[in-house]
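Shown next: coords-v2.cif, given as mmCIF, C-alpha atoms.
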data_work
loop_
_atom_site.label_atom_id
_atom_site.label_comp_id
_atom_site.auth_asym_id
_atom_site.auth_seq_id
_atom_site.Cartn_x
_atom_site.Cartn_y
_atom_site.Cartn_z
CA MET Z 343 45.93 -41.54 24.82
CA ARG Z 344 48.20 -39.24 26.81
CA GLU Z 345 50.63 -38.88 23.90
CA ALA Z 346 47.79 -37.82 21.60
CA PHE Z 347 46.61 -35.29 24.17
CA THR Z 348 50.12 -33.88 24.54
CA ALA Z 349 50.39 -33.59 20.76
CA GLU Z 350 47.15 -31.59 20.68
CA LEU Z 351 48.44 -29.21 23.32
CA ASP Z 352 51.71 -28.82 21.43
CA ALA Z 353 49.79 -27.99 18.25
CA ILE Z 354 47.88 -25.28 20.09
CA SER Z 355 51.14 -23.85 21.45
CA ASP Z 356 52.62 -23.86 17.94
CA ASP Z 357 49.60 -21.94 16.66
CA LEU Z 358 50.07 -19.32 19.37
CA VAL Z 359 53.74 -18.89 18.52
CA HIS Z 360 52.79 -18.55 14.85
CA LEU Z 361 50.31 -15.84 15.81
CA THR Z 362 53.03 -13.88 17.63
CA ARG Z 363 55.08 -13.91 14.43
CA LEU Z 364 52.14 -12.72 12.35
CA VAL Z 365 51.16 -9.88 14.68
CA GLY Z 366 54.83 -8.94 15.09
CA SER Z 367 55.25 -8.70 11.32
CA ALA Z 368 51.99 -6.75 11.09
CA MET Z 369 53.10 -4.10 13.57
CA ASN Z 370 56.55 -3.88 12.01
CA ARG Z 371 55.06 -3.23 8.57
CA ALA Z 372 52.35 -0.95 9.95
CA THR Z 373 55.04 1.18 11.59
CA GLN Z 374 56.92 1.37 8.32
CA SER Z 375 53.76 2.41 6.47
CA LEU Z 376 53.22 5.10 9.11
CA LEU Z 377 56.76 6.47 8.95
CA ASP Z 378 56.94 6.44 5.14
CA ALA Z 379 53.29 7.29 4.32
CA ASP Z 380 53.35 4.05 2.30
CA LEU Z 381 49.80 3.33 1.13
CA ARG Z 382 50.62 0.00 -0.50
CA LEU Z 383 52.21 -1.36 2.65
CA ALA Z 384 49.34 -0.09 4.79
CA GLU Z 385 46.84 -1.89 2.56
CA GLU Z 386 48.86 -5.10 2.83
CA VAL Z 387 48.78 -4.95 6.63
CA ILE Z 388 45.04 -4.35 6.66
CA ALA Z 389 44.37 -7.24 4.28
CA ALA Z 390 46.67 -9.61 6.18
CA ASP Z 391 44.72 -9.21 9.41
CA GLU Z 392 42.19 -11.70 8.06
CA GLN Z 393 44.82 -14.45 8.33
CA VAL Z 394 45.30 -13.61 12.01
CA ASP Z 395 41.56 -13.84 12.57
CA VAL Z 396 41.35 -17.21 10.79
CA ILE Z 397 44.22 -18.76 12.75
CA THR Z 398 42.82 -17.40 16.00
CA ALA Z 399 39.45 -19.01 15.25
CA GLU Z 400 41.13 -22.31 14.35
CA THR Z 401 43.15 -22.25 17.57
CA GLU Z 402 40.05 -21.58 19.62
CA GLU Z 403 38.29 -24.51 17.91
CA LYS Z 404 41.20 -26.79 18.84
CA CYS Z 405 40.88 -25.65 22.46
CA PHE Z 406 37.13 -26.33 22.46
CA ASP Z 407 37.71 -29.79 20.96
CA VAL Z 408 40.25 -30.62 23.66
CA ILE Z 409 37.85 -29.52 26.38
CA ALA Z 410 34.94 -31.48 24.87
CA LEU Z 411 36.82 -34.67 23.99
CA GLN Z 412 39.58 -34.88 26.60
CA ALA Z 413 37.85 -33.28 29.62
CA PRO Z 414 41.15 -31.86 30.95
CA VAL Z 415 41.49 -31.09 34.64
CA ALA Z 416 43.96 -29.30 36.93
CA SER Z 417 47.09 -28.11 35.10
CA ASP Z 418 45.90 -29.43 31.73
CA LEU Z 419 42.70 -27.39 31.96
CA ARG Z 420 44.75 -24.36 32.98
CA ILE Z 421 46.80 -24.76 29.80
CA VAL Z 422 43.75 -24.91 27.54
CA ILE Z 423 41.88 -22.03 29.16
CA GLY Z 424 45.09 -20.00 29.17
CA ALA Z 425 45.56 -20.71 25.45
CA LEU Z 426 42.06 -19.43 24.69
CA ARG Z 427 42.78 -16.16 26.43
CA ILE Z 428 46.24 -15.85 24.90
CA ALA Z 429 44.78 -16.32 21.41
CA SER Z 430 42.29 -13.54 22.11
CA SER Z 431 45.05 -11.16 23.23
CA LEU Z 432 47.19 -11.94 20.18
CA GLU Z 433 44.24 -11.37 17.87
CA ARG Z 434 43.76 -7.99 19.51
CA MET Z 435 47.43 -7.18 18.93
CA GLY Z 436 46.85 -7.86 15.25
CA ASP Z 437 43.89 -5.48 15.31
CA LEU Z 438 46.04 -2.76 16.85
CA ALA Z 439 48.63 -3.13 14.08
CA GLU Z 440 45.77 -2.87 11.61
CA HIS Z 441 44.60 0.34 13.32
CA VAL Z 442 48.06 1.87 12.85
CA ALA Z 443 47.98 0.96 9.16
CA LYS Z 444 44.47 2.38 8.76
CA GLN Z 445 45.62 5.65 10.29
CA ALA Z 446 48.48 5.80 7.79
CA ARG Z 447 46.02 5.06 4.98
CA MET Z 448 43.52 7.66 6.14
CA ARG Z 449 46.10 10.50 6.04
CA TYR Z 450 47.76 9.42 2.77
CA PRO Z 451 49.41 11.05 0.86
CA ALA Z 452 50.25 13.25 3.84
CA PRO Z 453 52.14 11.64 6.73
CA ALA Z 454 50.00 10.83 9.77
CA ILE Z 455 52.62 12.14 12.21
CA PRO Z 456 54.75 15.30 12.28
CA GLN Z 457 58.31 14.93 11.06
CA GLU Z 458 59.80 15.65 14.49
CA LEU Z 459 57.94 12.68 16.01
CA ARG Z 460 59.14 10.11 13.48
CA GLY Z 461 61.96 9.07 15.78
CA THR Z 462 59.62 8.49 18.71
CA PHE Z 463 57.25 6.33 16.68
CA ALA Z 464 60.17 4.44 15.16
CA GLU Z 465 61.31 3.72 18.71
CA MET Z 466 57.82 2.56 19.70
CA GLY Z 467 57.79 0.26 16.68
CA GLY Z 468 61.13 -1.19 17.75
CA ILE Z 469 59.87 -1.81 21.27
CA ALA Z 470 56.74 -3.48 19.87
CA GLU Z 471 58.91 -5.76 17.75
CA ALA Z 472 61.09 -6.69 20.74
CA ILE Z 473 58.20 -7.33 23.11
CA VAL Z 474 56.26 -9.57 20.73
CA SER Z 475 59.41 -11.53 19.92
CA LYS Z 476 60.02 -12.17 23.62
CA THR Z 477 56.34 -13.04 24.06
CA GLY Z 478 56.64 -15.72 21.38
CA ALA Z 479 59.70 -17.09 23.15
CA VAL Z 480 57.82 -17.24 26.47
CA ILE Z 481 54.97 -19.19 24.86
CA ALA Z 482 57.33 -21.58 23.07
CA THR Z 483 59.73 -22.26 25.96
CA LYS Z 484 57.56 -21.53 29.03
CA ASP Z 485 60.63 -19.70 30.34
CA VAL Z 486 59.01 -17.23 32.72
CA ALA Z 487 62.40 -15.63 33.42
CA LEU Z 488 61.84 -13.71 30.18
CA ALA Z 489 58.97 -11.92 31.90
CA THR Z 490 61.44 -9.39 33.30
CA ASP Z 491 62.48 -8.31 29.79
CA ILE Z 492 58.85 -7.99 28.73
CA ALA Z 493 58.07 -5.83 31.75
CA ARG Z 494 61.03 -3.61 30.90
CA HIS Z 495 59.87 -3.17 27.29
CA ASP Z 496 56.38 -2.33 28.55
CA GLU Z 497 57.80 0.34 30.85
CA GLN Z 498 59.73 1.83 27.92
CA MET Z 499 56.54 1.94 25.83
CA ASP Z 500 54.60 3.56 28.68
CA HIS Z 501 57.32 6.20 29.03
CA LEU Z 502 57.12 7.12 25.34
CA HIS Z 503 53.32 7.16 25.50
CA ARG Z 504 53.42 9.66 28.37
CA GLU Z 505 56.09 11.69 26.58
CA LEU Z 506 53.88 12.07 23.51
CA PHE Z 507 50.98 13.23 25.66
CA THR Z 508 53.23 15.91 27.14
CA ILE Z 509 54.28 17.02 23.66
CA VAL Z 510 50.78 17.36 22.19
CA LEU Z 511 49.52 19.21 25.30
CA SER Z 512 52.45 21.60 25.30
CA PRO Z 513 51.82 25.29 24.47
CA SER Z 514 54.52 24.92 21.82
CA TRP Z 515 52.49 22.32 19.85
CA LYS Z 516 52.00 23.88 16.40
CA HIS Z 517 50.28 21.15 14.38
CA GLY Z 518 46.68 21.70 15.41
CA VAL Z 519 43.98 19.56 16.98
CA GLU Z 520 43.66 16.98 14.21
CA ALA Z 521 47.35 16.09 14.34
CA ALA Z 522 47.21 15.96 18.15
CA ILE Z 523 44.34 13.46 17.96
CA ASP Z 524 46.24 11.35 15.40
CA VAL Z 525 49.35 11.24 17.56
CA THR Z 526 47.36 10.43 20.69
CA LEU Z 527 45.44 7.60 19.00
CA LEU Z 528 48.55 6.11 17.43
CA SER Z 529 50.46 6.28 20.68
CA ARG Z 530 47.59 4.51 22.42
CA PHE Z 531 47.64 1.71 19.83
CA TYR Z 532 51.30 0.99 20.57
CA GLU Z 533 50.79 1.24 24.32
CA ARG Z 534 47.87 -1.22 24.19
CA TYR Z 535 49.89 -3.57 21.96
CA ALA Z 536 52.54 -3.80 24.67
CA ASP Z 537 49.86 -4.22 27.36
CA HIS Z 538 48.45 -7.26 25.54
CA ALA Z 539 51.93 -8.77 25.34
CA VAL Z 540 52.18 -8.35 29.10
CA SER Z 541 48.78 -10.01 29.52
CA VAL Z 542 49.90 -12.98 27.40
CA THR Z 543 53.05 -13.35 29.49
CA ARG Z 544 51.06 -13.24 32.71
CA ARG Z 545 48.86 -16.02 31.33
CA VAL Z 546 51.95 -18.13 30.64
CA VAL Z 547 53.21 -17.51 34.18
CA THR Z 548 49.84 -18.73 35.47
CA ILE Z 549 50.06 -21.85 33.30
CA VAL Z 550 53.59 -22.64 34.49
CA THR Z 551 53.31 -21.79 38.18
CA GLY Z 552 49.61 -22.16 38.94
CA GLU Z 553 49.59 -18.67 40.45
CA PRO Z 554 46.22 -16.94 39.90
CA TYR Z 555 46.34 -14.49 37.00
CA ALA Z 556 45.21 -11.58 39.18
CA GLY Z 557 48.23 -12.07 41.41
CA VAL Z 558 50.87 -12.29 38.67
CA THR Z 559 53.20 -9.32 38.28
CA LEU Z 560 56.15 -9.16 35.93
CA ASP Z 561 58.52 -7.56 38.41
CA ALA Z 562 62.23 -7.43 37.78
CA GLY Z 563 62.68 -9.48 40.93
CA ARG Z 564 60.52 -12.35 39.74
#

Mind converting the file's structure to structure tokens?
Amino acid sequence: MREAFTAELDAISDDLVHLTRLVGSAMNRATQSLLDADLRLAEEVIAADEQVDVITAETEEKCFDVIALQAPVASDLRIVIGALRIASSLERMGDLAEHVAKQARMRYPAPAIPQELRGTFAEMGGIAEAIVSKTGAVIATKDVALATDIARHDEQMDHLHRELFTIVLSPSWKHGVEAAIDVTLLSRFYERYADHAVSVTRRVVTIVTGEPYAGVTLDAGR
């Protein structure tokens, strides 16, 4: 009985890791579509989000089945409830990648961002790729020591987000209101993507340590 239960929990964990790969690929390709004004790639990202939604729903069903049939308690219940919330955060990360792709599609054939900001958004895409990769590793290994790296990536993303705000609010901004709104929205999508990765990691810390989620911080000294 216990072996079967453990196998069910492992299957849920595998689904979550698979979701990190899907939403990581989605944001990587969405960033490319944004930088290159690539309509075909943007459409592919938008269409692929349905797979993320399906796997999220299947993962949630597995969690509900475990709760209904196994009646987990203590640490086992913490794992299942944590998995439900992690799945929700990962699904939202997929949505944010889709939003980036939709912004690229909306402005096609023109680029959605000014040429001089391509480097900043390329950097944000790289940080997003790194943070979701580390998040998948945290879920797979339960190695909470990786939380420090994730916190560092989140700080880098926050810094770029603030930098873009400064740029669009500067008197020297020459691209108009519409472009300022586009840049602000896109920057927010990347910033929220990283925030959800942090939330997932905090959930894993709670699962591993039993520390209440509200009290978990991903400090460098953890």

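Here atom CA of Z:Ala464 and atom CA of Z:Gly518 stand 21.9 Å from one another.
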
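Minimum distance to Z:Ile469 across Z:Phe347, Z:Ala493, Z:Leu364, Z:Arg427 (counting all atoms listed in the file) occurs at Z:Ala493.
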
Do you know which residues the PyMOL selection byres ((chain Z and resi 391) around 12) returns on this file, as a ChimeraX atom specification? /Z:361,364-369,371-372,384-390,392-398,432-441,443-444

At a cut-off of 9 Å, using all atoms listed in the file, what residues contact Z:Ile481? Leave out same-chain residues fewer than 5 positions from it and give the result as a list in words. Ser355, Asp356, Leu358, Val359, Lys476, Val542, Thr543 and Val546 of chain Z

Selection result for the PyMOL selection byres ((chain Z and resi 401) around 8) on this file, as a ChimeraX atom specification: /Z:354,357-358,397-400,402-405,426,429

What does the distance between atom CA of Z:Ser514 and atom CA of Z:Arg460 come to in Å, to one decimal place? 17.6 Å

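One distance worth recording is that between atom CA of Z:Gly552 and atom CA of Z:Asp485, which is 14.2 Å.
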
Looking at Z:Thr477, Z:Thr490, Z:Thr462, Z:Gln445, which one is nearest to Z:His538, with distances taken over all atoms listed in the file?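 Closest residue, counting all atoms listed in the file: Z:Thr477.
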
I need the residue nearest Z:Ala539 from this list: Z:Ile492, Z:Ala522, Z:Ala379, Z:Ala482. Use all atoms listed in the file for the distance. Z:Ile492

Result set, the PyMOL selection byres ((chain Z and resi 494) around 12) on current file, as a tab-separated table (two decimals) with C-alpha atoms, keeping the file's coordinate frame:
chain	number	residue	atom	x	y	z
Z	469	ILE	CA	59.87	-1.81	21.27
Z	470	ALA	CA	56.74	-3.48	19.87
Z	472	ALA	CA	61.09	-6.69	20.74
Z	473	ILE	CA	58.20	-7.33	23.11
Z	476	LYS	CA	60.02	-12.17	23.62
Z	488	LEU	CA	61.84	-13.71	30.18
Z	489	ALA	CA	58.97	-11.92	31.90
Z	490	THR	CA	61.44	-9.39	33.30
Z	491	ASP	CA	62.48	-8.31	29.79
Z	492	ILE	CA	58.85	-7.99	28.73
Z	493	ALA	CA	58.07	-5.83	31.75
Z	495	HIS	CA	59.87	-3.17	27.29
Z	496	ASP	CA	56.38	-2.33	28.55
Z	497	GLU	CA	57.80	0.34	30.85
Z	498	GLN	CA	59.73	1.83	27.92
Z	499	MET	CA	56.54	1.94	25.83
Z	500	ASP	CA	54.60	3.56	28.68
Z	501	HIS	CA	57.32	6.20	29.03
Z	536	ALA	CA	52.54	-3.80	24.67
Z	537	ASP	CA	49.86	-4.22	27.36
Z	539	ALA	CA	51.93	-8.77	25.34
Z	540	VAL	CA	52.18	-8.35	29.10
Z	560	LEU	CA	56.15	-9.16	35.93
Z	561	ASP	CA	58.52	-7.56	38.41
Z	562	ALA	CA	62.23	-7.43	37.78
Z	563	GLY	CA	62.68	-9.48	40.93

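Proximity of Z:Gln412, Z:Glu471, Z:Leu459, Z:Ala521 to Z:His503, computed with all atoms listed in the file, is greatest for Z:Leu459.
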
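Residue nearest Z:Pro414, chosen from Z:Arg534, Z:Arg545, Z:Arg344, Z:Arg504 and counting only C-alpha atoms: Z:Arg344.
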
Looking at Z:Ser375, Z:Arg544, Z:Leu527, Z:Ala413, which one is nearest to Z:Thr559, with distances taken over only C-alpha atoms?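 Once distances to Z:Thr559 are computed over only C-alpha atoms, the minimum belongs to Z:Arg544.
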
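Neighbouring residues of Z:Thr526 at 8 Å or closer, counting all atoms listed in the file and skipping chain neighbours under 3 positions away, are Leu506, Phe507, Val510, Ala522, Ile523, Ser529 and Arg530 of chain Z.
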
Edge lengths and centre in Å, axis-aligned, stretch 532-547 of chain Z plus 3 Å each side, as lines of an AutoDock Vina configuration file:
center_x = 50.5
center_y = -8.4
center_z = 27.4
size_x = 11.3
size_y = 25.4
size_z = 19.6
